[in-house]
file structure_7.txt (compact mmCIF, N, CA and C atoms)
# COMPACT_ATOMS: atom_id res chain seq x y z
N MET H 50 -52.44 -54.42 3.00
CA MET H 50 -51.33 -53.75 3.64
C MET H 50 -50.76 -52.75 2.64
N THR H 51 -50.55 -51.55 3.09
CA THR H 51 -50.01 -50.53 2.20
C THR H 51 -48.49 -50.63 2.13
N ARG H 52 -47.94 -50.01 1.11
CA ARG H 52 -46.49 -50.06 0.96
C ARG H 52 -45.85 -49.00 1.87
N PRO H 53 -44.59 -49.18 2.21
CA PRO H 53 -43.89 -48.24 3.09
C PRO H 53 -43.71 -46.88 2.41
N LEU H 54 -43.64 -45.85 3.21
CA LEU H 54 -43.38 -44.51 2.67
C LEU H 54 -41.92 -44.44 2.20
N SER H 55 -41.64 -43.49 1.32
CA SER H 55 -40.33 -43.42 0.68
C SER H 55 -39.21 -43.14 1.69
N ASN H 56 -38.02 -43.63 1.34
CA ASN H 56 -36.85 -43.38 2.18
C ASN H 56 -36.50 -41.89 2.21
N ASP H 57 -36.78 -41.17 1.11
CA ASP H 57 -36.51 -39.73 1.07
C ASP H 57 -37.31 -39.01 2.16
N LEU H 58 -38.58 -39.32 2.26
CA LEU H 58 -39.42 -38.71 3.30
C LEU H 58 -38.92 -39.11 4.68
N ARG H 59 -38.60 -40.36 4.85
CA ARG H 59 -38.11 -40.84 6.14
C ARG H 59 -36.83 -40.10 6.55
N GLU H 60 -35.93 -39.93 5.59
CA GLU H 60 -34.66 -39.24 5.89
C GLU H 60 -34.89 -37.79 6.27
N ARG H 61 -35.80 -37.10 5.55
CA ARG H 61 -36.09 -35.70 5.88
C ARG H 61 -36.72 -35.58 7.27
N VAL H 62 -37.58 -36.54 7.60
CA VAL H 62 -38.23 -36.54 8.92
C VAL H 62 -37.18 -36.72 10.01
N VAL H 63 -36.29 -37.70 9.84
CA VAL H 63 -35.26 -37.98 10.85
C VAL H 63 -34.30 -36.81 10.97
N GLU H 64 -33.94 -36.18 9.85
CA GLU H 64 -33.06 -35.01 9.89
C GLU H 64 -33.68 -33.88 10.71
N ALA H 65 -34.99 -33.68 10.54
CA ALA H 65 -35.68 -32.63 11.29
C ALA H 65 -35.66 -32.93 12.79
N VAL H 66 -35.85 -34.19 13.15
CA VAL H 66 -35.82 -34.58 14.56
C VAL H 66 -34.41 -34.39 15.11
N LEU H 67 -33.39 -34.79 14.34
CA LEU H 67 -32.01 -34.63 14.79
C LEU H 67 -31.61 -33.15 14.91
N ALA H 68 -32.29 -32.30 14.14
CA ALA H 68 -32.02 -30.85 14.21
C ALA H 68 -32.63 -30.22 15.45
N GLY H 69 -33.43 -31.01 16.19
CA GLY H 69 -33.96 -30.50 17.45
C GLY H 69 -35.45 -30.26 17.48
N GLU H 70 -36.15 -30.48 16.39
CA GLU H 70 -37.60 -30.30 16.40
C GLU H 70 -38.26 -31.45 17.16
N THR H 71 -39.44 -31.20 17.69
CA THR H 71 -40.15 -32.25 18.41
C THR H 71 -40.81 -33.20 17.42
N CYS H 72 -41.06 -34.40 17.88
CA CYS H 72 -41.69 -35.40 17.01
C CYS H 72 -43.07 -34.95 16.56
N ARG H 73 -43.81 -34.31 17.45
CA ARG H 73 -45.15 -33.85 17.09
C ARG H 73 -45.11 -32.78 16.01
N SER H 74 -44.20 -31.83 16.14
CA SER H 74 -44.13 -30.77 15.13
C SER H 74 -43.65 -31.31 13.79
N VAL H 75 -42.72 -32.25 13.82
CA VAL H 75 -42.22 -32.87 12.58
C VAL H 75 -43.35 -33.66 11.92
N ALA H 76 -44.10 -34.39 12.70
CA ALA H 76 -45.21 -35.18 12.16
C ALA H 76 -46.23 -34.28 11.49
N GLU H 77 -46.54 -33.17 12.12
CA GLU H 77 -47.51 -32.24 11.54
C GLU H 77 -46.96 -31.60 10.27
N GLU H 78 -45.69 -31.24 10.30
CA GLU H 78 -45.05 -30.59 9.15
C GLU H 78 -45.03 -31.50 7.91
N PHE H 79 -44.73 -32.78 8.11
CA PHE H 79 -44.60 -33.70 6.99
C PHE H 79 -45.87 -34.51 6.71
N GLY H 80 -46.87 -34.37 7.56
CA GLY H 80 -48.13 -35.06 7.34
C GLY H 80 -48.07 -36.56 7.57
N VAL H 81 -47.31 -36.96 8.58
CA VAL H 81 -47.23 -38.38 8.95
C VAL H 81 -47.62 -38.53 10.41
N ALA H 82 -47.80 -39.73 10.84
CA ALA H 82 -48.19 -39.99 12.23
C ALA H 82 -47.00 -39.77 13.15
N VAL H 83 -47.30 -39.35 14.37
CA VAL H 83 -46.25 -39.14 15.37
C VAL H 83 -45.53 -40.47 15.64
N SER H 84 -46.29 -41.56 15.67
CA SER H 84 -45.67 -42.85 15.93
C SER H 84 -44.66 -43.22 14.84
N SER H 85 -44.94 -42.82 13.60
CA SER H 85 -43.98 -43.08 12.52
C SER H 85 -42.70 -42.30 12.73
N VAL H 86 -42.83 -41.06 13.13
CA VAL H 86 -41.64 -40.24 13.38
C VAL H 86 -40.80 -40.86 14.49
N VAL H 87 -41.45 -41.29 15.55
CA VAL H 87 -40.74 -41.91 16.67
C VAL H 87 -40.04 -43.19 16.21
N LYS H 88 -40.76 -44.06 15.50
CA LYS H 88 -40.20 -45.34 15.05
C LYS H 88 -39.05 -45.14 14.08
N TRP H 89 -39.19 -44.19 13.14
CA TRP H 89 -38.11 -43.94 12.19
C TRP H 89 -36.87 -43.40 12.89
N SER H 90 -37.08 -42.54 13.87
CA SER H 90 -35.95 -41.99 14.63
C SER H 90 -35.26 -43.09 15.43
N GLN H 91 -36.05 -43.96 16.04
CA GLN H 91 -35.48 -45.08 16.79
C GLN H 91 -34.71 -46.02 15.88
N ARG H 92 -35.27 -46.31 14.71
CA ARG H 92 -34.59 -47.20 13.76
C ARG H 92 -33.28 -46.58 13.31
N TYR H 93 -33.28 -45.25 13.07
CA TYR H 93 -32.06 -44.57 12.63
C TYR H 93 -30.98 -44.64 13.71
N ARG H 94 -31.40 -44.41 14.96
CA ARG H 94 -30.42 -44.46 16.06
C ARG H 94 -29.88 -45.88 16.26
N ALA H 95 -30.72 -46.88 16.05
CA ALA H 95 -30.30 -48.27 16.28
C ALA H 95 -29.48 -48.84 15.13
N THR H 96 -29.86 -48.51 13.88
CA THR H 96 -29.23 -49.14 12.73
C THR H 96 -28.46 -48.20 11.83
N GLY H 97 -28.71 -46.89 11.96
CA GLY H 97 -28.07 -45.93 11.07
C GLY H 97 -28.78 -45.81 9.74
N SER H 98 -29.95 -46.44 9.61
CA SER H 98 -30.71 -46.41 8.37
C SER H 98 -32.19 -46.19 8.69
N VAL H 99 -32.88 -45.57 7.75
CA VAL H 99 -34.32 -45.36 7.92
C VAL H 99 -35.12 -46.29 7.03
N SER H 100 -34.45 -47.18 6.31
CA SER H 100 -35.13 -48.10 5.40
C SER H 100 -36.10 -48.99 6.15
N PRO H 101 -37.24 -49.27 5.53
CA PRO H 101 -38.23 -50.12 6.20
C PRO H 101 -37.74 -51.55 6.31
N GLY H 102 -38.24 -52.26 7.30
CA GLY H 102 -37.92 -53.67 7.47
C GLY H 102 -38.66 -54.51 6.45
N LYS H 103 -38.36 -55.77 6.42
CA LYS H 103 -38.99 -56.69 5.48
C LYS H 103 -40.47 -56.84 5.82
N MET H 104 -41.30 -56.84 4.79
CA MET H 104 -42.74 -57.01 4.99
C MET H 104 -43.15 -58.38 4.50
N GLY H 105 -44.07 -59.00 5.20
CA GLY H 105 -44.60 -60.27 4.77
C GLY H 105 -43.58 -61.39 4.84
N GLY H 106 -43.73 -62.33 3.97
CA GLY H 106 -42.81 -63.44 3.94
C GLY H 106 -43.55 -64.76 3.95
N HIS H 107 -42.82 -65.82 4.03
CA HIS H 107 -43.41 -67.15 4.01
C HIS H 107 -42.82 -67.98 5.14
N ARG H 108 -43.68 -68.56 5.92
CA ARG H 108 -43.23 -69.42 7.01
C ARG H 108 -43.21 -70.87 6.53
N LYS H 109 -42.18 -71.58 6.92
CA LYS H 109 -42.12 -73.00 6.57
C LYS H 109 -43.18 -73.75 7.36
N CYS H 110 -43.68 -74.80 6.76
CA CYS H 110 -44.69 -75.63 7.42
C CYS H 110 -44.04 -76.41 8.56
N VAL H 111 -44.69 -76.41 9.70
CA VAL H 111 -44.18 -77.10 10.88
C VAL H 111 -44.12 -78.62 10.65
N LEU H 112 -45.02 -79.12 9.83
CA LEU H 112 -45.12 -80.56 9.62
C LEU H 112 -44.21 -81.09 8.51
N GLU H 113 -43.56 -80.24 7.77
CA GLU H 113 -42.72 -80.68 6.66
C GLU H 113 -41.66 -81.71 7.07
N PRO H 114 -40.95 -81.51 8.20
CA PRO H 114 -39.97 -82.52 8.60
C PRO H 114 -40.59 -83.88 8.95
N HIS H 115 -41.89 -83.92 9.18
CA HIS H 115 -42.58 -85.15 9.59
C HIS H 115 -43.38 -85.75 8.45
N ARG H 116 -43.14 -85.28 7.23
CA ARG H 116 -43.91 -85.73 6.07
C ARG H 116 -43.84 -87.24 5.88
N THR H 117 -42.66 -87.83 5.97
CA THR H 117 -42.54 -89.27 5.74
C THR H 117 -43.33 -90.07 6.79
N PHE H 118 -43.29 -89.62 8.04
CA PHE H 118 -44.06 -90.28 9.09
C PHE H 118 -45.55 -90.21 8.79
N ILE H 119 -46.02 -89.03 8.39
CA ILE H 119 -47.45 -88.83 8.11
C ILE H 119 -47.89 -89.71 6.94
N VAL H 120 -47.12 -89.71 5.87
CA VAL H 120 -47.46 -90.52 4.70
C VAL H 120 -47.49 -92.00 5.07
N ARG H 121 -46.49 -92.44 5.83
CA ARG H 121 -46.43 -93.85 6.26
C ARG H 121 -47.65 -94.22 7.09
N ARG H 122 -48.04 -93.34 8.01
CA ARG H 122 -49.20 -93.62 8.88
C ARG H 122 -50.49 -93.68 8.07
N ILE H 123 -50.64 -92.81 7.08
CA ILE H 123 -51.85 -92.82 6.26
C ILE H 123 -51.90 -94.10 5.43
N GLU H 124 -50.76 -94.54 4.92
CA GLU H 124 -50.71 -95.78 4.13
C GLU H 124 -50.97 -97.00 5.00
N GLN H 125 -50.45 -97.00 6.22
CA GLN H 125 -50.60 -98.15 7.12
C GLN H 125 -52.00 -98.28 7.67
N THR H 126 -52.62 -97.15 8.00
CA THR H 126 -53.91 -97.17 8.69
C THR H 126 -54.95 -96.46 7.83
N SER H 127 -55.82 -97.22 7.20
CA SER H 127 -56.80 -96.62 6.29
C SER H 127 -57.89 -95.86 7.05
N HIS H 128 -58.14 -96.22 8.31
CA HIS H 128 -59.20 -95.59 9.09
C HIS H 128 -58.68 -94.46 9.99
N LEU H 129 -57.49 -93.98 9.72
CA LEU H 129 -56.91 -92.90 10.53
C LEU H 129 -57.67 -91.59 10.31
N THR H 130 -58.04 -90.95 11.38
CA THR H 130 -58.75 -89.67 11.29
C THR H 130 -57.77 -88.53 11.49
N LEU H 131 -58.25 -87.33 11.20
CA LEU H 131 -57.44 -86.13 11.38
C LEU H 131 -57.05 -85.97 12.85
N HIS H 132 -58.01 -86.18 13.74
CA HIS H 132 -57.73 -86.05 15.17
C HIS H 132 -56.79 -87.16 15.65
N GLY H 133 -56.94 -88.34 15.06
CA GLY H 133 -56.04 -89.45 15.41
C GLY H 133 -54.61 -89.14 14.99
N LEU H 134 -54.46 -88.59 13.79
CA LEU H 134 -53.13 -88.23 13.31
C LEU H 134 -52.54 -87.10 14.16
N LYS H 135 -53.37 -86.17 14.54
CA LYS H 135 -52.92 -85.08 15.42
C LYS H 135 -52.43 -85.65 16.75
N GLY H 136 -53.16 -86.62 17.29
CA GLY H 136 -52.76 -87.26 18.54
C GLY H 136 -51.44 -88.00 18.42
N GLU H 137 -51.25 -88.69 17.31
CA GLU H 137 -49.99 -89.40 17.10
C GLU H 137 -48.82 -88.43 16.98
N LEU H 138 -49.05 -87.33 16.31
CA LEU H 138 -48.00 -86.30 16.21
C LEU H 138 -47.68 -85.72 17.58
N ALA H 139 -48.72 -85.52 18.40
CA ALA H 139 -48.51 -84.98 19.75
C ALA H 139 -47.67 -85.94 20.59
N ARG H 140 -47.90 -87.24 20.43
CA ARG H 140 -47.09 -88.23 21.16
C ARG H 140 -45.63 -88.20 20.71
N ARG H 141 -45.40 -87.75 19.49
CA ARG H 141 -44.02 -87.61 18.99
C ARG H 141 -43.42 -86.25 19.37
N GLY H 142 -44.20 -85.42 20.09
CA GLY H 142 -43.70 -84.12 20.53
C GLY H 142 -44.01 -82.97 19.60
N VAL H 143 -44.87 -83.21 18.61
CA VAL H 143 -45.24 -82.16 17.65
C VAL H 143 -46.64 -81.68 18.00
N LYS H 144 -46.74 -80.55 18.64
CA LYS H 144 -48.02 -79.99 19.06
C LYS H 144 -48.52 -79.05 17.97
N VAL H 145 -49.56 -79.48 17.26
CA VAL H 145 -50.15 -78.68 16.20
C VAL H 145 -51.67 -78.71 16.33
N SER H 146 -52.31 -77.78 15.66
CA SER H 146 -53.77 -77.74 15.69
C SER H 146 -54.36 -78.69 14.65
N HIS H 147 -55.62 -78.96 14.80
CA HIS H 147 -56.37 -79.78 13.85
C HIS H 147 -56.27 -79.15 12.47
N ASN H 148 -56.41 -77.84 12.40
CA ASN H 148 -56.37 -77.12 11.13
C ASN H 148 -55.00 -77.22 10.46
N THR H 149 -53.94 -77.19 11.22
CA THR H 149 -52.59 -77.30 10.67
C THR H 149 -52.41 -78.65 9.97
N VAL H 150 -52.90 -79.71 10.60
CA VAL H 150 -52.80 -81.04 10.01
C VAL H 150 -53.62 -81.10 8.73
N TRP H 151 -54.84 -80.57 8.78
CA TRP H 151 -55.72 -80.59 7.62
C TRP H 151 -55.11 -79.81 6.46
N LEU H 152 -54.59 -78.61 6.72
CA LEU H 152 -53.98 -77.81 5.65
C LEU H 152 -52.77 -78.51 5.05
N PHE H 153 -51.96 -79.15 5.89
CA PHE H 153 -50.80 -79.87 5.39
C PHE H 153 -51.23 -81.01 4.46
N LEU H 154 -52.20 -81.81 4.89
CA LEU H 154 -52.66 -82.93 4.08
C LEU H 154 -53.26 -82.44 2.76
N ARG H 155 -54.01 -81.38 2.83
CA ARG H 155 -54.64 -80.83 1.62
C ARG H 155 -53.58 -80.31 0.65
N ARG H 156 -52.59 -79.58 1.17
CA ARG H 156 -51.53 -79.02 0.34
C ARG H 156 -50.70 -80.12 -0.32
N GLU H 157 -50.49 -81.21 0.41
CA GLU H 157 -49.69 -82.33 -0.10
C GLU H 157 -50.51 -83.27 -0.99
N GLY H 158 -51.82 -83.07 -1.05
CA GLY H 158 -52.67 -83.93 -1.86
C GLY H 158 -52.89 -85.30 -1.25
N LEU H 159 -52.72 -85.41 0.06
CA LEU H 159 -52.90 -86.69 0.76
C LEU H 159 -54.35 -86.84 1.18
N ARG H 160 -54.87 -88.08 1.08
CA ARG H 160 -56.25 -88.33 1.45
C ARG H 160 -56.29 -88.95 2.84
N PHE H 161 -57.39 -88.72 3.53
CA PHE H 161 -57.54 -89.26 4.88
C PHE H 161 -59.02 -89.46 5.15
N LYS H 162 -59.32 -90.28 6.13
CA LYS H 162 -60.71 -90.51 6.52
C LYS H 162 -61.17 -89.33 7.36
N LYS H 163 -62.31 -88.75 7.02
CA LYS H 163 -62.76 -87.52 7.68
C LYS H 163 -63.52 -87.77 8.97
N ASN H 164 -64.17 -88.92 9.10
CA ASN H 164 -65.02 -89.16 10.25
C ASN H 164 -64.81 -90.60 10.74
N ALA H 165 -64.52 -90.76 12.00
CA ALA H 165 -64.25 -92.09 12.55
C ALA H 165 -65.51 -92.95 12.61
N VAL H 166 -66.68 -92.33 12.63
CA VAL H 166 -67.93 -93.07 12.79
C VAL H 166 -68.39 -93.67 11.45
N ARG H 167 -68.27 -92.89 10.38
CA ARG H 167 -68.73 -93.35 9.06
C ARG H 167 -67.71 -94.27 8.41
N PRO H 168 -68.15 -95.32 7.72
CA PRO H 168 -67.21 -96.23 7.05
C PRO H 168 -66.59 -95.62 5.81

call {"tool": "encode", "arguments": {"input": "structure_7.txt", "output": "structure tokens"}}
result
Amino acid sequence: MTRPLSNDLRERVVEAVLAGETCRSVAEEFGVAVSSVVKWSQRYRATGSVSPGKMGGHRKCVLEPHRTFIVRRIEQTSHLTLHGLKGELARRGVKVSHNTVWLFLRREGLRFKKNAVRP
């Protein structure tokens, strides 16, 4: 992902649009996409600023509030599988994918039985 263009450029672009130029002509003049000119103008009208919004970030893990339950279930049931744990979470109202459960266990360093058929 590339970094946002400078606020100076954004301000000059918005000033040109406010002066009455069309978005297409402003885009050509400053060498930016027409969609950028439109979005910057809309952001300026809505917020009074042309500064870019926050990029990226970190989402909290959906399973973090259920960590104690998961740890307790792994300790209680040695033959618990990933799909079994996912099913138990679903019965508690936590709908997550198989991969979400696996990533959580891996990140937390918790061990689990990988296959219900193999001992």

call {"tool": "atom_distance", "arguments": {"input": "structure_7.txt", "atom1": "atom C of H:Val62", "atom2": "atom C of H:Gly102"}}
result
18.2 Å

call {"tool": "atom_distance", "arguments": {"input": "structure_7.txt", "atom1": "atom C of H:Arg116", "atom2": "atom N of H:His132"}}
result
16.2 Å

call {"tool": "axis_aligned_box", "arguments": {"input": "structure_7.txt", "around": "stretch 151-157 of chain H", "padding_each_side": "6 Å", "output": "JSON"}}
result
{"center_x": -52.7, "center_y": -80.5, "center_z": 3.9, "size_x": 18.0, "size_y": 17.5, "size_z": 21.8}

call {"tool": "residues_around", "arguments": {"input": "structure_7.txt", "residues": "stretch 117-120 of chain H", "least_positions_apart": "6", "cutoff": "8 Å", "atoms": "all atoms listed in the file", "output": "list in words"}}
result
Thr126, Leu134 and Leu159 of chain H

call {"tool": "write_last_selection", "arguments": {"input": "structure_7.txt", "atoms": "N, CA and C atoms", "output": "CSV table (one decimal), keeping the file's coordinate frame"}}
result
chain,number,residue,atom,x,y,z
H,126,THR,N,-52.6,-97.2,8.0
H,126,THR,CA,-53.9,-97.2,8.7
H,126,THR,C,-55.0,-96.5,7.8
H,134,LEU,N,-54.5,-88.6,13.8
H,134,LEU,CA,-53.1,-88.2,13.3
H,134,LEU,C,-52.5,-87.1,14.2
H,159,LEU,N,-52.7,-85.4,0.1
H,159,LEU,CA,-52.9,-86.7,0.8
H,159,LEU,C,-54.4,-86.8,1.2

call {"tool": "closest_residue", "arguments": {"input": "structure_7.txt", "among": "H:Arg160, H:Tyr93, H:Pro53, H:Val150", "to": "H:Glu124", "atoms": "only C-alpha atoms"}}
result
H:Arg160

call {"tool": "atom_distance", "arguments": {"input": "structure_7.txt", "atom1": "atom N of H:Val63", "atom2": "atom C of H:Met104"}}
result
22.4 Å

call {"tool": "residues_around", "arguments": {"input": "structure_7.txt", "residues": "stretch 110-113 of chain H", "least_positions_apart": "3", "cutoff": "12 Å", "atoms": "only C-alpha atoms", "output": "PyMOL selection string"}}
result
chain H and resi 107+116-120+134-135+138-139+141-146+148-154+156-157

call {"tool": "residues_around", "arguments": {"input": "structure_7.txt", "residues": "H:Ser100", "least_positions_apart": "4", "cutoff": "8 Å", "atoms": "only N, CA and C atoms", "output": "count of residues only"}}
result
7

call {"tool": "closest_residue", "arguments": {"input": "structure_7.txt", "among": "H:His147, H:His115, H:Arg61, H:His128", "to": "H:Val81", "atoms": "only C-alpha atoms"}}
result
H:Arg61

call {"tool": "select_by_dssp", "arguments": {"input": "structure_7.txt", "residues": "chain H", "states": "helix (DSSP H, G or I)", "output": "ChimeraX atom specification"}}
result
/H:56-67,72-79,83-96,113-125,131-140,147-157
